[in-house]
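Novice: Handing over model02.pdb, PDB, C-alpha atoms, pLDDT in the B column.
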```pdb
ATOM      1  CA  MET A   1       1.851  -1.405   0.161  1.00 48.00           C
ATOM      2  CA  ASP A   2       3.859  -1.088   3.310  1.00 51.00           C
ATOM      3  CA  ASP A   3       3.786  -4.896   3.541  1.00 60.00           C
ATOM      4  CA  VAL A   4       5.469  -5.233   0.145  1.00 62.00           C
ATOM      5  CA  GLY A   5       7.601  -2.102   0.203  1.00 63.00           C
ATOM      6  CA  LEU A   6       7.261   1.194  -1.573  1.00 63.00           C
ATOM      7  CA  HIS A   7       9.836   0.211  -4.178  1.00 80.00           C
ATOM      8  CA  ALA A   8       8.453  -3.224  -4.958  1.00 87.00           C
ATOM      9  CA  THR A   9       8.501  -4.506  -8.513  1.00 91.00           C
ATOM     10  CA  ASP A  10       5.314  -5.360 -10.389  1.00 91.00           C
ATOM     11  CA  SER A  11       6.188  -9.025  -9.878  1.00 92.00           C
ATOM     12  CA  ASP A  12       6.514  -8.514  -6.110  1.00 92.00           C
ATOM     13  CA  ILE A  13       3.161  -6.733  -5.969  1.00 93.00           C
ATOM     14  CA  TRP A  14       1.537  -9.429  -8.139  1.00 94.00           C
ATOM     15  CA  GLU A  15       2.853 -12.259  -5.978  1.00 93.00           C
ATOM     16  CA  PHE A  16       1.879 -10.494  -2.739  1.00 92.00           C
ATOM     17  CA  ALA A  17      -1.682  -9.975  -4.004  1.00 94.00           C
ATOM     18  CA  ARG A  18      -1.952 -13.528  -5.351  1.00 93.00           C
ATOM     19  CA  ARG A  19      -0.621 -15.102  -2.161  1.00 93.00           C
ATOM     20  CA  ASP A  20      -2.803 -13.026   0.179  1.00 93.00           C
ATOM     21  CA  GLY A  21      -5.975 -12.990  -1.955  1.00 93.00           C
ATOM     22  CA  ARG A  22      -5.768  -9.234  -2.538  1.00 94.00           C
ATOM     23  CA  ILE A  23      -7.025  -7.096  -5.398  1.00 95.00           C
ATOM     24  CA  ILE A  24      -4.654  -4.786  -7.243  1.00 95.00           C
ATOM     25  CA  ILE A  25      -6.036  -1.327  -8.008  1.00 94.00           C
ATOM     26  CA  SER A  26      -3.748   0.423 -10.460  1.00 92.00           C
ATOM     27  CA  LYS A  27      -3.534   2.822 -13.369  1.00 90.00           C
ATOM     28  CA  ASP A  28      -0.725   0.610 -14.721  1.00 88.00           C
ATOM     29  CA  LYS A  29      -1.768  -1.243 -17.885  1.00 91.00           C
ATOM     30  CA  ASP A  30       0.919  -3.879 -17.241  1.00 93.00           C
ATOM     31  CA  PHE A  31      -1.162  -5.485 -14.482  1.00 95.00           C
ATOM     32  CA  ALA A  32      -4.200  -5.734 -16.775  1.00 93.00           C
ATOM     33  CA  ILE A  33      -2.111  -7.325 -19.524  1.00 94.00           C
ATOM     34  CA  ARG A  34      -0.583  -9.804 -17.086  1.00 94.00           C
ATOM     35  CA  ALA A  35      -4.005 -10.754 -15.688  1.00 92.00           C
ATOM     36  CA  THR A  36      -5.508 -11.440 -19.110  1.00 90.00           C
ATOM     37  CA  SER A  37      -2.545 -13.557 -20.199  1.00 89.00           C
ATOM     38  CA  ARG A  38      -2.471 -15.817 -17.127  1.00 86.00           C
ATOM     39  CA  SER A  39      -4.978 -18.141 -15.558  1.00 82.00           C
ATOM     40  CA  ASP A  40      -3.841 -17.509 -11.996  1.00 87.00           C
ATOM     41  CA  GLY A  41      -3.290 -14.387  -9.973  1.00 91.00           C
ATOM     42  CA  PRO A  42      -5.230 -11.570  -8.402  1.00 95.00           C
ATOM     43  CA  GLN A  43      -8.129  -9.608  -9.762  1.00 95.00           C
ATOM     44  CA  ILE A  44      -7.214  -6.203 -11.153  1.00 96.00           C
ATOM     45  CA  VAL A  45      -9.087  -2.907 -11.060  1.00 95.00           C
ATOM     46  CA  TRP A  46      -7.479  -1.020 -13.924  1.00 93.00           C
ATOM     47  CA  VAL A  47      -8.267   2.641 -13.334  1.00 93.00           C
ATOM     48  CA  ARG A  48      -8.494   4.333 -16.712  1.00 90.00           C
ATOM     49  CA  LEU A  49      -8.688   7.961 -15.727  1.00 88.00           C
ATOM     50  CA  GLY A  50      -6.314  10.587 -17.030  1.00 85.00           C
ATOM     51  CA  ASN A  51      -3.894  12.478 -14.858  1.00 87.00           C
ATOM     52  CA  THR A  52      -5.660  13.527 -11.700  1.00 86.00           C
ATOM     53  CA  THR A  53      -4.971  14.330  -8.093  1.00 90.00           C
ATOM     54  CA  SER A  54      -5.088  11.618  -5.459  1.00 89.00           C
ATOM     55  CA  ARG A  55      -8.068  13.357  -3.860  1.00 92.00           C
ATOM     56  CA  THR A  56     -10.023  13.323  -7.127  1.00 90.00           C
ATOM     57  CA  LEU A  57      -9.082   9.689  -7.774  1.00 89.00           C
ATOM     58  CA  ILE A  58     -10.204   8.580  -4.313  1.00 91.00           C
ATOM     59  CA  ALA A  59     -13.480  10.519  -4.634  1.00 92.00           C
ATOM     60  CA  TRP A  60     -14.113   8.893  -8.030  1.00 91.00           C
ATOM     61  CA  LEU A  61     -13.437   5.418  -6.638  1.00 92.00           C
ATOM     62  CA  GLU A  62     -15.766   6.050  -3.688  1.00 93.00           C
ATOM     63  CA  ARG A  63     -18.585   7.108  -6.037  1.00 92.00           C
ATOM     64  CA  HIS A  64     -18.160   4.036  -8.247  1.00 92.00           C
ATOM     65  CA  TRP A  65     -17.051   1.393  -5.749  1.00 94.00           C
ATOM     66  CA  SER A  66     -20.361  -0.480  -5.610  1.00 94.00           C
ATOM     67  CA  GLU A  67     -20.238  -1.021  -9.375  1.00 92.00           C
ATOM     68  CA  ILE A  68     -16.599  -2.119  -9.176  1.00 94.00           C
ATOM     69  CA  GLU A  69     -17.493  -4.553  -6.375  1.00 94.00           C
ATOM     70  CA  ARG A  70     -20.295  -6.011  -8.481  1.00 94.00           C
ATOM     71  CA  HIS A  71     -17.790  -6.901 -11.220  1.00 92.00           C
ATOM     72  CA  LEU A  72     -15.282  -8.259  -8.725  1.00 93.00           C
ATOM     73  CA  GLY A  73     -18.002 -10.398  -7.129  1.00 92.00           C
ATOM     74  CA  ALA A  74     -18.736 -11.852 -10.565  1.00 92.00           C
ATOM     75  CA  GLN A  75     -15.082 -13.002 -10.622  1.00 89.00           C
ATOM     76  CA  VAL A  76     -14.142 -10.664 -13.482  1.00 89.00           C
ATOM     77  CA  ARG A  77     -10.341 -10.823 -13.804  1.00 90.00           C
ATOM     78  CA  VAL A  78      -9.835  -7.216 -14.947  1.00 92.00           C
ATOM     79  CA  VAL A  79     -12.313  -4.462 -14.195  1.00 91.00           C
ATOM     80  CA  GLU A  80     -11.676  -1.476 -16.447  1.00 88.00           C
ATOM     81  CA  ALA A  81     -12.823   1.456 -14.344  1.00 85.00           C
ATOM     82  CA  GLY A  82     -13.087   4.936 -15.764  1.00 79.00           C
ATOM     83  CA  ARG A  83     -14.206   4.140 -19.263  1.00 61.00           C
ATOM     84  CA  PRO A  84     -17.617   5.340 -20.446  1.00 51.00           C
ATOM     85  CA  ARG A  85     -18.986   2.120 -18.980  1.00 52.00           C
ATOM     86  CA  PHE A  86     -17.340  -0.485 -16.833  1.00 55.00           C
ATOM     87  CA  GLU A  87     -15.998  -3.484 -18.641  1.00 54.00           C
ATOM     88  CA  GLY A  88     -14.633  -6.758 -17.450  1.00 56.00           C
ATOM     89  CA  ARG A  89     -12.340  -9.358 -18.992  1.00 54.00           C
TER      90      ARG A  89
END
```
What would you get if you wrote out this structure as C-alpha coordinates?
Specialist:
Amino acid sequence: MDDVGLHATDSDIWEFARRDGRIIISKDKDFAIRATSRSDGPQIVWVRLGNTTSRTLIAWLERHWSEIERHLGAQVRVVEAGRPRFEGR
(Lines of atoms letter the chains of each structure in order from A and count residues from 1; the text may use other names and numbers.)
(Lines give C-alpha, C1' and ligand atoms only; values in the text may rest on other atoms or scores of the structure.)
Protein backbone atom coordinates (compact mmCIF):
# COMPACT_ATOMS: atom_id res chain seq x y z
CA MET A 1 0.00 0.00 0.00
CA ASP A 2 2.93 2.33 0.14
CA ASP A 3 2.48 2.86 -3.61
CA VAL A 4 -1.08 4.12 -3.10
CA GLY A 5 -0.67 5.75 0.30
CA LEU A 6 -1.77 4.69 3.73
CA HIS A 7 -4.76 7.02 3.64
CA ALA A 8 -6.00 6.08 0.19
CA THR A 9 -9.72 5.86 -0.47
CA ASP A 10 -11.39 2.63 -1.54
CA SER A 11 -11.64 4.10 -5.03
CA ASP A 12 -7.90 4.83 -5.09
CA ILE A 13 -7.10 1.30 -3.96
CA TRP A 14 -9.54 -0.17 -6.50
CA GLU A 15 -8.08 1.83 -9.38
CA PHE A 16 -4.49 1.02 -8.36
CA ALA A 17 -5.27 -2.71 -8.26
CA ARG A 18 -7.21 -2.61 -11.54
CA ARG A 19 -4.51 -0.66 -13.36
CA ASP A 20 -1.62 -2.81 -12.09
CA GLY A 21 -3.38 -6.20 -12.25
CA ARG A 22 -3.29 -6.63 -8.47
CA ILE A 23 -5.57 -8.56 -6.14
CA ILE A 24 -7.20 -6.82 -3.19
CA ILE A 25 -7.18 -8.80 0.06
CA SER A 26 -9.49 -7.14 2.54
CA LYS A 27 -11.92 -7.66 5.39
CA ASP A 28 -13.93 -4.75 3.94
CA LYS A 29 -17.26 -5.90 2.47
CA ASP A 30 -17.38 -2.79 0.27
CA PHE A 31 -14.76 -4.23 -2.10
CA ALA A 32 -16.74 -7.47 -2.49
CA ILE A 33 -19.93 -5.53 -3.23
CA ARG A 34 -18.15 -3.35 -5.77
CA ALA A 35 -16.61 -6.38 -7.51
CA THR A 36 -19.93 -8.19 -7.88
CA SER A 37 -21.68 -5.11 -9.25
CA ARG A 38 -19.09 -4.29 -11.93
CA SER A 39 -17.72 -6.20 -14.88
CA ASP A 40 -14.24 -4.72 -14.65
CA GLY A 41 -11.75 -4.39 -11.85
CA PRO A 42 -9.50 -6.51 -9.70
CA GLN A 43 -10.19 -9.83 -8.07
CA ILE A 44 -11.02 -9.62 -4.37
CA VAL A 45 -10.14 -11.94 -1.51
CA TRP A 46 -12.77 -11.02 1.07
CA VAL A 47 -11.44 -12.27 4.40
CA ARG A 48 -14.42 -13.19 6.55
CA LEU A 49 -12.78 -13.80 9.88
CA GLY A 50 -13.82 -12.03 13.05
CA ASN A 51 -11.59 -9.67 14.95
CA THR A 52 -8.14 -11.15 15.15
CA THR A 53 -4.53 -10.13 15.47
CA SER A 54 -2.43 -9.49 12.38
CA ARG A 55 -0.25 -12.47 13.30
CA THR A 56 -3.26 -14.80 13.47
CA LEU A 57 -4.65 -13.41 10.20
CA ILE A 58 -1.35 -13.90 8.37
CA ALA A 59 -0.98 -17.44 9.74
CA TRP A 60 -4.53 -18.26 8.61
CA LEU A 61 -3.87 -16.89 5.12
CA GLU A 62 -0.63 -18.89 4.86
CA ARG A 63 -2.45 -22.11 5.78
CA HIS A 64 -5.22 -21.52 3.23
CA TRP A 65 -3.36 -19.71 0.45
CA SER A 66 -3.23 -22.66 -1.96
CA GLU A 67 -7.03 -22.94 -1.85
CA ILE A 68 -7.40 -19.18 -2.33
CA GLU A 69 -5.01 -19.33 -5.30
CA ARG A 70 -7.05 -22.13 -6.86
CA HIS A 71 -10.15 -19.89 -6.85
CA LEU A 72 -8.21 -16.91 -8.15
CA GLY A 73 -6.76 -19.04 -10.95
CA ALA A 74 -10.31 -19.99 -11.93
CA GLN A 75 -10.94 -16.24 -12.41
CA VAL A 76 -13.41 -16.04 -9.52
CA ARG A 77 -14.14 -12.33 -8.97
CA VAL A 78 -14.65 -12.53 -5.19
CA VAL A 79 -13.17 -15.28 -3.06
CA GLU A 80 -14.89 -15.39 0.32
CA ALA A 81 -12.19 -16.69 2.63
CA GLY A 82 -12.92 -17.65 6.20
CA ARG A 83 -16.37 -19.08 5.80
CA PRO A 84 -16.97 -22.76 6.57
CA ARG A 85 -15.98 -23.43 2.97
CA PHE A 86 -14.52 -21.14 0.37
CA GLU A 87 -16.97 -19.61 -2.02
CA GLY A 88 -16.53 -17.62 -5.16
CA ARG A 89 -18.74 -15.18 -7.04
Novice: List the residues selected by the PyMOL selection byres ((chain A and resi 41) around 9) in the file shown, writing them as a short mmCIF file (atom, residue, chain, number, x, y, z; two decimals) with C-alpha atoms, in the coordinates of the input.
Specialist:
```cif
data_model
loop_
_atom_site.label_atom_id
_atom_site.label_comp_id
_atom_site.auth_asym_id
_atom_site.auth_seq_id
_atom_site.Cartn_x
_atom_site.Cartn_y
_atom_site.Cartn_z
CA TRP A 14 1.54 -9.43 -8.14
CA GLU A 15 2.85 -12.26 -5.98
CA ALA A 17 -1.68 -9.98 -4.00
CA ARG A 18 -1.95 -13.53 -5.35
CA ARG A 19 -0.62 -15.10 -2.16
CA GLY A 21 -5.98 -12.99 -1.96
CA ARG A 34 -0.58 -9.80 -17.09
CA ALA A 35 -4.00 -10.75 -15.69
CA ARG A 38 -2.47 -15.82 -17.13
CA SER A 39 -4.98 -18.14 -15.56
CA ASP A 40 -3.84 -17.51 -12.00
CA PRO A 42 -5.23 -11.57 -8.40
CA GLN A 43 -8.13 -9.61 -9.76
CA ARG A 77 -10.34 -10.82 -13.80
#
```
Novice: So that I can see what lies close to A:Lys27, please list as a PyMOL selection string the residues with an atom at most 9 Å from it, counting only C-alpha atoms and leaving out residues fewer than 5 positions away in the same chain.
Specialist: chain A and resi 45-49
Novice: Which residues are near A:Gly73? Cut-off 12 Å, all atoms listed in the file, ignore same chain within fewer than 6 positions. Put them as a PDB file with C-alpha atoms, keeping the file's coordinate frame.
Specialist:
```
ATOM      1  CA  ILE A  23      -7.025  -7.096  -5.398  1.00 95.00           C
ATOM      2  CA  GLN A  43      -8.129  -9.608  -9.762  1.00 95.00           C
ATOM      3  CA  TRP A  65     -17.051   1.393  -5.749  1.00 94.00           C
ATOM      4  CA  SER A  66     -20.361  -0.480  -5.610  1.00 94.00           C
ATOM      5  CA  GLU A  67     -20.238  -1.021  -9.375  1.00 92.00           C
ATOM      6  CA  VAL A  79     -12.313  -4.462 -14.195  1.00 91.00           C
ATOM      7  CA  GLY A  88     -14.633  -6.758 -17.450  1.00 56.00           C
TER       8      GLY A  88
END
```
Novice: Give me the residues near A:Ile44 as a list in words, where near means some atom within 6 Å (using all atoms listed in the file) and where sequence neighbours in that chain fewer than 4 positions away do not count.
Specialist: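 With the cut-off at 6 Å, the set is Ile23, Ile24, Ile25 and Val78 of chain A.
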Novice: Go ahead and compute the interatomic distance for atom CA of A:Asp12 and atom CA of A:Phe31, in Å to one decimal.
Specialist: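 A separation of 11.8 Å between them.
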Novice: Compile the contact shell of stretch 61-63 of chain A as a PyMOL selection string: residues with an atom at most 10 Å away, counting only C-alpha atoms, same-chain residues fewer than 4 positions apart removed.
Specialist: chain A and resi 47+55-57+67-68+81-82
Novice: Write out the residues from the selection above, keeping C-alpha atoms, as a PDB file, keeping the file's coordinate frame.
Specialist:
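This went into result-v9.pdb:
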```pdb
ATOM      1  CA  VAL A  47      -8.267   2.641 -13.334  1.00 93.00           C
ATOM      2  CA  ARG A  55      -8.068  13.357  -3.860  1.00 92.00           C
ATOM      3  CA  THR A  56     -10.023  13.323  -7.127  1.00 90.00           C
ATOM      4  CA  LEU A  57      -9.082   9.689  -7.774  1.00 89.00           C
ATOM      5  CA  GLU A  67     -20.238  -1.021  -9.375  1.00 92.00           C
ATOM      6  CA  ILE A  68     -16.599  -2.119  -9.176  1.00 94.00           C
ATOM      7  CA  ALA A  81     -12.823   1.456 -14.344  1.00 85.00           C
ATOM      8  CA  GLY A  82     -13.087   4.936 -15.764  1.00 79.00           C
TER       9      GLY A  82
END
```
Novice: Padding of 3 Å on every side, edges along x, y and z, all listed atoms of stretch 5-22 of chain A included: what centre and edge lengths in Å, to one decimal, does that box have, as AutoDock Vina command-line options?
Specialist:
```
--center_x 1.9 --center_y -7.0 --center_z -5.1 --size_x 21.8 --size_y 22.3 --size_z 16.6
```
Novice: Please report the interatomic distance between atom CA of A:Asp28 and atom CA of A:Glu80 in Å with one decimal.
Specialist: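 One can read the atom CA of A:Asp28 to atom CA of A:Glu80 distance as 11.3 Å.
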Novice: Atom CA of A:Lys29 and atom CA of A:Thr52, how far apart in Å?
Specialist: 16.5 Å
